[in-house]
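Colleague: Have a look at this one.
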2 protein chains.
Amino acid sequence: MAYYKDLRSFLDVLEESGKLYRFTDPINKDTELLSLCRIQQRGLPPEQRKVFLFDNVRNGAGERYDIGVAAGVYGFSDDIVMLGLNRGSHREILELFHDALSDPIPPRIVDSGPVQEVVLTGKDITERGLDIIPAPVEEPGFSQIIRAGMPIISKDPETGARNAGGYNAFFRDRDRAVSGAGMTRDIMRHWQKARDRGEDLPVAVVIGATPNIMFAACTHVASDMDEIAFAGALAGEPVELVPCKTIPVEVPAHAEMVIEGYLSTKTLEPRLSFGEYPGYMHAERTKVPVLRVTAITHRKDAMFTPVLVGFPPVESTTLSLVCSQALMYDHLKYKCGLAVYDVGMAPTGGTSMTVIQIEKDARANPWQVLQAAASFWASGKYFIVVDWDINPRDSDVLNWALSYRVSPERDIQVQRGRYPGLDPSNYPVGSARNMQIQSAPGSPRDYFRVLIDATMKGVYPPVALPRQEYMERALEIWRSHSDLPEPALKEPWYGYTLGFWPDEEQRLADMIANGDYRGVGDITKEMQTSADGALRH
Amino acid sequence: MAYYKDLRSFLDVLEESGKLYRFTDPINKDTELLSLCRIQQRGLPPEQRKVFLFDNVRNGAGERYDIGVAAGVYGFSDDIVMLGLNRGSHREILELFHDALSDPIPPRIVDSGPVQEVVLTGKDITERGLDIIPAPVEEPGFSQIIRAGMPIISKDPETGARNAGGYNAFFRDRDRAVSGAGMTRDIMRHWQKARDRGEDLPVAVVIGATPNIMFAACTHVASDMDEIAFAGALAGEPVELVPCKTIPVEVPAHAEMVIEGYLSTKTLEPRLSFGEYPGYMHAERTKVPVLRVTAITHRKDAMFTPVLVGFPPVESTTLSLVCSQALMYDHLKYKCGLAVYDVGMAPTGGTSMTVIQIEKDARANPWQVLQAAASFWASGKYFIVVDWDINPRDSDVLNWALSYRVSPERDIQVQRGRYPGLDPSNYPVGSARNMQIQSAPGSPRDYFRVLIDATMKGVYPPVALPRQEYMERALEIWRSHSDLPEPALKEPWYGYTLGFWPDEEQRLADMIANGDYRGVGDITKEMQTSADGALRH
């Protein structure tokens with residue numbers, strides 16, 4: 001099946017799948033729009049969540065935007081993620097990423113595309129410009145920004161190599177934004193090279209790309225890989241790119257909208273507080289380059305696509321987890337050759353908490369896996385290895401494994417050398433001012449991670465649930481009752497053996513299931529002993 | 001409001017509340033009945049779970065029992081627990097237990113009661129006896145037992161003090177069962193005293209008591225407290241007790257059924273494998289006293305009440321958690337005088353994982369609370385202290401706190417001295433035979449627990465969600481859309497400050513929420529600086 005040509009064809013599939021809800025009443029983009037999305041995030045179970053389409057978006061003065069908003073298209077739920085990537089399970093996505101990383105498909109350059117159906121330059125920019133874009137406020141009452149992204153596409157000024165990264169432009173005037181990232185990110189390496197050449201850096205902010213492009217931009221692939229080629233491989237076909245109108249950069253021809261401009265290498269301006277992945281406002285005044293807007297191009301009836309961020313689990317963490325899990329899986333299974341079956345990150349822990357499912361054997365010693373994972377993911381705080389029967393995305397069964405498969409002194413190790421990231425627990429106690437710096441003080445030497453081997457050591461008796469054949473029979477009876485809801489069974493939902501279960505145990509169990517409790521009693525009667533002197537302390 | 005007179009009046013309330021489902025088709029008690037309950041446990045979200053009533057119960061030969069089965073009346077879900085205890089929240093239950101522990105209400109002895117509407121003795125016992133009771137197999141295919149309970153009531157042979165504990169009788173013949181517990185439990189202290197006197201111990205197995213009696217029996221109160229008086233206080237009125245027909249013990253007059261008998265102090269017989277709280281089969285051959293059945297009394301149309309056990313979260317762990325949380329809360333808040341707000345145990349971790357919610361101040365230093373909790377609960381493996389804004393029963397927000405409020409080297413301590421209990425991770429690696437012993441080898445000195453301070457150290461920026469007034473407005477809009485489902489909002493569902501949020505930050509946030517992004521841009525423009533030499537590595 002061909003991949004989605006554009007966001008609209010993906011929205012059609014979402015609507016057919018019952019995963020789209022339309023708001024036609026007037027909604028204030030700065031106070032109401034993403035708050036409605038939060039009601040869904042905090043109030044509905046994942047399987048009930050939908051993409052929200054707003055086609056009557058207003059500002060505080062009641063003025064209507066021509067451009068609508070499609071919220072949640074990239075990751076309001078796992079179901080939406082899987083539809084967006086055309087895959088049916090997390091494990092299929094892990095394998096898809098591995099295949100795409102191995103065999104990228106270069107983009108095809110075309111002459112024209114719908115993303116340029118409408119072109120604004122010159123006076124259209126200085127008199128309207130970013131005002132036409134209904135970028136909503138993410139945390140009204142706390143956030144100090146509105147922004148557009150992702151990705152932002154730039155090219156290496158020396159080599160011409162393309163980068164499409166998960167960056168944003170923060171709006172400051174009709175023709176001015178700011179944008180920037182940590183100095184190790186590709187866009188800033190391009191920016192440094194441009195500065196060395198005395199030039200500004202041309203960049204294109206892409207809005208409303210298909211999910212493959214969004215996921216590719218959010219994946220920290222090697223610097224020498226073109227994310228657009230990776231996106232092509234995620235889709236199974238080349239991405240069509242069209243040259244920008246005012247800058248020497250190519251952009252997805254079927255996107256909804258593009259902001260073209262130059263990232264100044266001369267002038268910096270502070271970013272302001274916005275919600276970050278740890279779930280707190282990232283209170284900061286980091287100075288980043290000014291972005292001078294030279295053009296806005298868009299489709300007729302364009303849609304703006306915000307990404308819900310902040311308190312996890314939320315769209316931005318879902319995006320991040322899907323990509324990070326896939327990179328970790330690719331590393332452990334295909335680069336390190338370890339028998340890893342699945343990698344899950346706790347939805348509310350972001351990339352802080354990684355759970356790795358293995359089948360213990362010579363190719364997957366738990367501590368080997370833990371060290372390999374920690375070496376790959378510098379900012380991870382918890383790494384947990386679990387057996388094949390523990391779903392790494394289910395915190396209930398994870399707690400079960402932590403409770404009954406871990407002896408702390410044997411199975412938990414606190415290890416030096418974590419990269420601190422934005423984690424607020426790294427800041428010095430009581431130091432309000434330090435909330436405003438971008439990175440925690442000190443070096444990775446000062447921060448620690450926790451490695452946990454939550455696999456079984458040795459044999460266990462069976463899991464205490466009815467054996468498979470009895471549960472399957474019960475499921476038949478259940479389904480014969482039309483007034484009972486169809487169950488969504490979580491694993492484990494039947495019992496299974498784990499190494500210790502002699503034939504003699506099974507024989508007695510079979511007698512009981514056949515109703516012969518008195519037959520079992522005849523056997524145990526033969527084992528009676530005197531209570532004299534027994535059962536004392 | 002008066003408490004439930006009997007189980008039937010509670011079932012009426014459950015039915016009115018939409019929490020009861022009736023199976024009228026024939027169901028095999030040994031293979032199908034509790035398997036159907038497991039489908040619900042593993043397949044439906046807690047709020048959809050119901051008590052299951054079976055009134056056409058069969059054995060494998062297709063023979064119908066006169067007695068029906070009511071499954072899940074004590075704890076198939078939190079909603080059912082709260083209805084059973086007439087309270088609306090977990091915190092109300094914690095306070096109810098504290099009040100009841102402080103002011104027990106002694107039972108009232110009455111002459112007769114419906115539990116003795118039908119009386120079986122003599123030949124009725126030897127020819128039918130336990131055969132009339134449709135005790136279901138809990139894990140068909142693995143379990144080797146059928147059983148009845150709880151509670152079992154006995155009296156101290158010296159003092160006459162009553163004990164009602166969460167014990168079971170395992171059926172072995174029409175007139176024979178076995179029953180017993182660890183030697184530190186009250187029933188076995190009574191048994192030892194009886195043995196010392198050369199007597200057997202009279203015991204009554206109670207089936208189908210009201211929830212207050214069940215919860216009281218499952219609570220490890222002090223040995224000198226009569227659990228029936230504690231149950232009275234949970235209900236707010238005395239429990240009516242009626243003398244048994246063949247033994248000098250009194251039992252709840254309105255229960256569904258009672259098995260009367262003598263626990264032999266001369267003869268022991270092995271118990272066999274059954275599902276235990278860690279979620280594995282407890283493969284064992286521990287020898288416990290034989291129970292000689294002298295009478296069975298029951299109501300007309302009596303109902304048998306099994307307790308779903310084994311893989312957590314399940315009814316038995318729910319019962320255990322409700323009681324254990326309450327005891328821990330009572331200890332920390334009222335005995336130790338610590339500012340503890342809530343105590344939750346992880347549903348799948350059983351009592352292995354305790355989360356304590358505090359408001360940090362002079363009366364609740366996190367490490368003081370952790371040590372007090374560990375000293376109270378000898379078998380706990382993880383103790384975690386969280387701030388006032390973390391729901392201790394929500395593993396998602398718990399993972400959030402663990403991810404971003406914990407620095408491992410500062411906030412995690414592995415401590416010696418845990419009582420190992422039945423936790424299979426304590427058994428020596430690879431030692432199949434050791435699966436059959438009742439307790440792990442060694443002493444508490446050989447086992448460890450983990451203490452975690454997951455509170456904020458110092459101030460934090462606000463939680464990255466819209467501020468309360470914006471979320472409340474969004475909720476209004478949401479509810480004006482009749483085709484959107486009513487949300488069940490989980491906390492946090494709006495942002496709030498956590499110590500760091502200067503007025504200047506709020507001013508910029510308010511400008512953005514009012515749509516004035518260009519006004520903010522005018523301010524940050526004044527803060528522009530040259531990029532010369534800045535942003536280098």
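Order determines the names: the first chain of the structure tokens is A, the second B, and so forth; residues in each chain are numbered 1 upward, and ligands are numbered 1 upward as they are shown.
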Neighbouring residues of B:Ala454 were defined as those with any atom within 8 Å, considering only C-alpha atoms; residues of the same chain fewer than 3 positions away were excluded. Please report them as a list in words.
Modeller: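 Skipping anything fewer than 3 positions along the chain leaves Ile384, Val385, Val386, Asp387, Ala401, Leu402, Arg405, Val406 and Asp411 of chain B.
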Colleague: May I have the residues within 8 Å of A:Phe448 as a list in words, using only C-alpha atoms and disregarding those fewer than 5 positions away in the same chain?
Modeller: Lys381, Val414, Gln415, Arg416, Gly417 and Arg418 of chain A; Ser407, Pro408 and Glu409 of chain B
Colleague: Suppose we keep all heavy atoms; can you now write the selection as a compact mmCIF listing (two decimals), in the first residue's frame?
Modeller:
```
# COMPACT_ATOMS: atom_id res chain seq x y z
N LYS A 381 18.20 7.69 33.03
CA LYS A 381 18.38 7.61 34.48
C LYS A 381 18.16 6.19 34.99
O LYS A 381 18.85 5.74 35.89
CB LYS A 381 17.43 8.58 35.18
CG LYS A 381 17.68 8.68 36.68
CD LYS A 381 16.75 9.69 37.34
CE LYS A 381 17.17 11.12 37.04
NZ LYS A 381 16.30 12.11 37.72
N VAL A 414 23.89 1.45 41.18
CA VAL A 414 23.91 2.89 40.90
C VAL A 414 25.27 3.21 40.30
O VAL A 414 26.30 2.85 40.88
CB VAL A 414 23.66 3.71 42.19
CG1 VAL A 414 23.76 5.20 41.90
CG2 VAL A 414 22.27 3.38 42.75
N GLN A 415 25.25 3.85 39.13
CA GLN A 415 26.48 3.96 38.34
C GLN A 415 26.74 5.43 37.98
O GLN A 415 25.82 6.15 37.59
CB GLN A 415 26.29 3.13 37.06
CG GLN A 415 27.53 2.92 36.26
CD GLN A 415 27.22 2.19 34.96
OE1 GLN A 415 26.52 2.73 34.11
NE2 GLN A 415 27.77 1.00 34.79
N ARG A 416 27.98 5.84 38.06
CA ARG A 416 28.39 7.22 37.76
C ARG A 416 28.43 7.46 36.25
O ARG A 416 28.68 6.54 35.48
CB ARG A 416 29.78 7.42 38.34
CG ARG A 416 30.32 8.82 38.27
CD ARG A 416 31.76 8.83 38.76
NE ARG A 416 31.86 8.63 40.20
CZ ARG A 416 31.81 9.63 41.10
NH1 ARG A 416 31.65 10.87 40.70
NH2 ARG A 416 31.91 9.36 42.38
N GLY A 417 28.17 8.71 35.83
CA GLY A 417 28.46 9.07 34.45
C GLY A 417 27.27 9.38 33.57
O GLY A 417 27.30 9.15 32.37
N ARG A 418 26.23 9.97 34.15
CA ARG A 418 25.05 10.29 33.34
C ARG A 418 25.15 11.72 32.82
O ARG A 418 25.60 12.62 33.52
CB ARG A 418 23.79 10.13 34.20
CG ARG A 418 22.49 10.49 33.49
CD ARG A 418 21.27 10.06 34.32
NE ARG A 418 21.28 10.65 35.65
CZ ARG A 418 20.65 11.77 35.98
NH1 ARG A 418 19.95 12.44 35.07
NH2 ARG A 418 20.71 12.23 37.21
N SER B 407 17.71 12.13 42.19
CA SER B 407 19.11 11.95 41.79
C SER B 407 19.58 10.69 42.51
O SER B 407 19.67 10.67 43.75
CB SER B 407 19.95 13.16 42.21
OG SER B 407 19.92 14.14 41.22
N PRO B 408 19.85 9.63 41.75
CA PRO B 408 20.04 8.32 42.38
C PRO B 408 21.04 8.30 43.54
O PRO B 408 20.76 7.74 44.60
CB PRO B 408 20.50 7.44 41.22
CG PRO B 408 19.86 8.05 40.02
CD PRO B 408 19.89 9.54 40.27
N GLU B 409 22.20 8.91 43.35
CA GLU B 409 23.22 8.80 44.39
C GLU B 409 22.81 9.51 45.67
O GLU B 409 23.23 9.16 46.76
CB GLU B 409 24.56 9.34 43.87
CG GLU B 409 24.69 10.85 43.80
CD GLU B 409 23.83 11.50 42.71
OE1 GLU B 409 23.12 10.77 41.98
OE2 GLU B 409 23.85 12.74 42.61
```
Colleague: Interatomic distance between atom CA of A:Gly68 and atom CA of A:Ser35?
Modeller: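 Those two atoms sit 16.4 Å apart.
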Colleague: Would you list, as an MDAnalysis selection string, the residues of stretch 260-352 of chain B that end up in strand (DSSP E) under DSSP run on this structure's backbone?
Modeller: chainID B and resid 260:270 274:275 281:282 287:298 303:304 340:345
Colleague: Quick one: distance from atom CA of A:Ile80 to atom CA of A:Trp493 in Å, one decimal?
Modeller: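 Between atom CA of A:Ile80 and atom CA of A:Trp493 the gap is 25.5 Å.
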Colleague: Please list as a ChimeraX atom specification every residue within 12 Å of A:Val343, counting only C-alpha atoms and excluding residues in the same chain fewer than 3 positions away.
Modeller: /A:90-95,321-333,339-340,346,351,353-358,369-370,373,383-388,390-394
Colleague: Grab the residues selected above and save them as a compact mmCIF listing (two decimals), in the first residue's frame with N, CA and C atoms.
Modeller:
```txt
# COMPACT_ATOMS: atom_id res chain seq x y z
N HIS A 90 4.15 -1.99 18.06
CA HIS A 90 5.42 -1.35 18.43
C HIS A 90 6.61 -2.11 17.84
N ARG A 91 6.55 -3.44 17.88
CA ARG A 91 7.69 -4.21 17.39
C ARG A 91 7.87 -4.03 15.89
N GLU A 92 6.77 -3.92 15.16
CA GLU A 92 6.89 -3.67 13.72
C GLU A 92 7.54 -2.31 13.47
N ILE A 93 7.22 -1.35 14.32
CA ILE A 93 7.83 -0.02 14.15
C ILE A 93 9.34 -0.09 14.41
N LEU A 94 9.72 -0.86 15.45
CA LEU A 94 11.15 -1.01 15.74
C LEU A 94 11.89 -1.58 14.52
N GLU A 95 11.29 -2.59 13.91
CA GLU A 95 11.94 -3.20 12.74
C GLU A 95 11.92 -2.25 11.54
N LEU A 321 9.71 9.08 22.22
CA LEU A 321 9.87 7.69 22.66
C LEU A 321 9.90 6.74 21.46
N VAL A 322 9.00 6.95 20.50
CA VAL A 322 8.97 6.07 19.34
C VAL A 322 10.34 6.05 18.67
N CYS A 323 10.90 7.23 18.50
CA CYS A 323 12.20 7.33 17.81
C CYS A 323 13.33 6.78 18.69
N SER A 324 13.31 7.11 19.97
CA SER A 324 14.40 6.70 20.85
C SER A 324 14.40 5.20 21.08
N GLN A 325 13.19 4.63 21.25
CA GLN A 325 13.09 3.19 21.41
C GLN A 325 13.68 2.48 20.19
N ALA A 326 13.37 3.03 19.01
CA ALA A 326 13.83 2.39 17.78
C ALA A 326 15.34 2.45 17.66
N LEU A 327 15.92 3.60 18.01
CA LEU A 327 17.39 3.71 17.94
C LEU A 327 18.06 2.76 18.94
N MET A 328 17.49 2.69 20.15
CA MET A 328 18.05 1.80 21.16
C MET A 328 17.96 0.34 20.71
N TYR A 329 16.81 -0.03 20.16
CA TYR A 329 16.61 -1.39 19.67
C TYR A 329 17.59 -1.72 18.55
N ASP A 330 17.72 -0.79 17.62
CA ASP A 330 18.67 -1.00 16.50
C ASP A 330 20.09 -1.18 17.05
N HIS A 331 20.44 -0.36 18.03
CA HIS A 331 21.80 -0.44 18.59
C HIS A 331 22.02 -1.78 19.29
N LEU A 332 21.11 -2.14 20.18
CA LEU A 332 21.33 -3.34 20.99
C LEU A 332 21.25 -4.61 20.15
N LYS A 333 20.23 -4.68 19.29
CA LYS A 333 20.00 -5.92 18.56
C LYS A 333 20.93 -6.05 17.35
N ALA A 339 20.37 -10.45 22.14
CA ALA A 339 19.04 -11.04 21.89
C ALA A 339 17.95 -10.20 22.56
N VAL A 340 17.76 -9.00 22.02
CA VAL A 340 16.76 -8.07 22.56
C VAL A 340 15.49 -8.19 21.74
N ALA A 346 9.15 4.40 29.55
CA ALA A 346 7.95 4.72 30.33
C ALA A 346 7.36 6.02 29.80
N THR A 351 12.58 9.64 28.07
CA THR A 351 13.73 8.79 27.82
C THR A 351 14.53 8.55 29.10
N MET A 353 13.59 6.56 31.50
CA MET A 353 13.33 5.22 32.02
C MET A 353 13.18 4.25 30.85
N THR A 354 14.19 3.44 30.62
CA THR A 354 14.20 2.52 29.48
C THR A 354 14.07 1.08 29.97
N VAL A 355 13.12 0.36 29.40
CA VAL A 355 12.91 -1.03 29.79
C VAL A 355 13.21 -1.92 28.58
N ILE A 356 14.07 -2.88 28.77
CA ILE A 356 14.55 -3.71 27.66
C ILE A 356 14.14 -5.15 27.90
N GLN A 357 13.43 -5.70 26.93
CA GLN A 357 12.93 -7.07 27.04
C GLN A 357 13.90 -8.00 26.32
N ILE A 358 14.36 -9.01 27.04
CA ILE A 358 15.33 -9.93 26.45
C ILE A 358 14.88 -11.37 26.66
N VAL A 369 23.59 -6.34 28.57
CA VAL A 369 22.56 -5.52 27.94
C VAL A 369 22.46 -4.17 28.64
N LEU A 370 22.48 -4.18 29.98
CA LEU A 370 22.35 -2.93 30.73
C LEU A 370 23.51 -1.98 30.42
N ALA A 373 23.16 -0.57 26.90
CA ALA A 373 22.11 0.44 26.82
C ALA A 373 22.57 1.75 27.44
N PHE A 383 17.70 2.16 33.70
CA PHE A 383 17.70 1.11 32.68
C PHE A 383 17.30 -0.19 33.37
N ILE A 384 16.28 -0.84 32.83
CA ILE A 384 15.74 -2.04 33.47
C ILE A 384 15.66 -3.14 32.42
N VAL A 385 16.23 -4.30 32.73
CA VAL A 385 16.13 -5.44 31.82
C VAL A 385 15.08 -6.40 32.38
N VAL A 386 14.15 -6.83 31.51
CA VAL A 386 13.08 -7.74 31.93
C VAL A 386 13.07 -8.97 31.03
N ASP A 387 12.38 -10.01 31.52
CA ASP A 387 12.26 -11.26 30.77
C ASP A 387 11.28 -11.10 29.61
N TRP A 388 11.23 -12.13 28.77
CA TRP A 388 10.39 -12.18 27.58
C TRP A 388 8.91 -12.04 27.88
N ILE A 390 7.47 -9.99 30.09
CA ILE A 390 7.11 -8.69 30.67
C ILE A 390 7.03 -7.65 29.55
N ASN A 391 5.84 -7.09 29.35
CA ASN A 391 5.66 -6.04 28.34
C ASN A 391 6.35 -4.76 28.83
N PRO A 392 7.39 -4.31 28.11
CA PRO A 392 8.15 -3.17 28.64
C PRO A 392 7.37 -1.86 28.65
N ARG A 393 6.18 -1.83 28.03
CA ARG A 393 5.37 -0.60 28.02
C ARG A 393 4.24 -0.63 29.03
N ASP A 394 4.18 -1.67 29.86
CA ASP A 394 3.08 -1.82 30.81
C ASP A 394 3.64 -1.66 32.22
```
Colleague: Here is a test: counting only C-alpha atoms, which residue of A:Ser223, A:Ser17, A:Ser102, A:Thr455 is nearest to chain B?
Modeller: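 Answer, going by the shortest atom-to-atom distance: A:Thr455.
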Colleague: Extract, using only C-alpha atoms, all DNA, RNA and protein residues at most 7 Å from B:Arg49, discarding same-chain residues fewer than 2 positions from it, and format them as a list in words.
Modeller: Gln40, Leu44, Pro45, Pro46, Glu47, Phe76 and Ser77 of chain B
Colleague: Please, could you write that set of residues out with C-alpha atoms as a PDB file, in the first residue's frame?
Modeller:
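Dumped to out-v4.pdb:
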```pdb
ATOM      1  CA  GLN B  40     -12.682  -9.397  33.390  1.00  0.00           C
ATOM      2  CA  LEU B  44     -11.589  -4.645  31.365  1.00  0.00           C
ATOM      3  CA  PRO B  45     -10.543  -1.346  32.933  1.00  0.00           C
ATOM      4  CA  PRO B  46     -11.321  -1.224  36.685  1.00  0.00           C
ATOM      5  CA  GLU B  47     -14.299   1.118  36.314  1.00  0.00           C
ATOM      6  CA  PHE B  76     -12.992  -6.787  42.029  1.00  0.00           C
ATOM      7  CA  SER B  77     -12.380  -3.021  41.745  1.00  0.00           C
TER       8      SER B  77
END
```
Colleague: Show me, as a Markdown table, the residues of stretch 208-324 of chain A having an atom within 10 Å of stretch 465-485 of chain B, each with the closest atom pair and its distance in Å, using only C-alpha atoms.
Modeller:
```
| residue | atom | partner | partner_atom | distance |
| --- | --- | --- | --- | --- |
| A:Gly275 | CA | B:Leu465 | CA | 7.8 |
| A:Gly279 | CA | B:Leu465 | CA | 8.0 |
| A:Tyr280 | CA | B:Leu465 | CA | 8.2 |
| A:Met281 | CA | B:Leu465 | CA | 8.5 |
| A:Val309 | CA | B:Leu465 | CA | 8.7 |
| A:Gly310 | CA | B:Leu465 | CA | 6.6 |
| A:Phe311 | CA | B:Leu465 | CA | 6.1 |
| A:Pro312 | CA | B:Leu465 | CA | 9.6 |
```
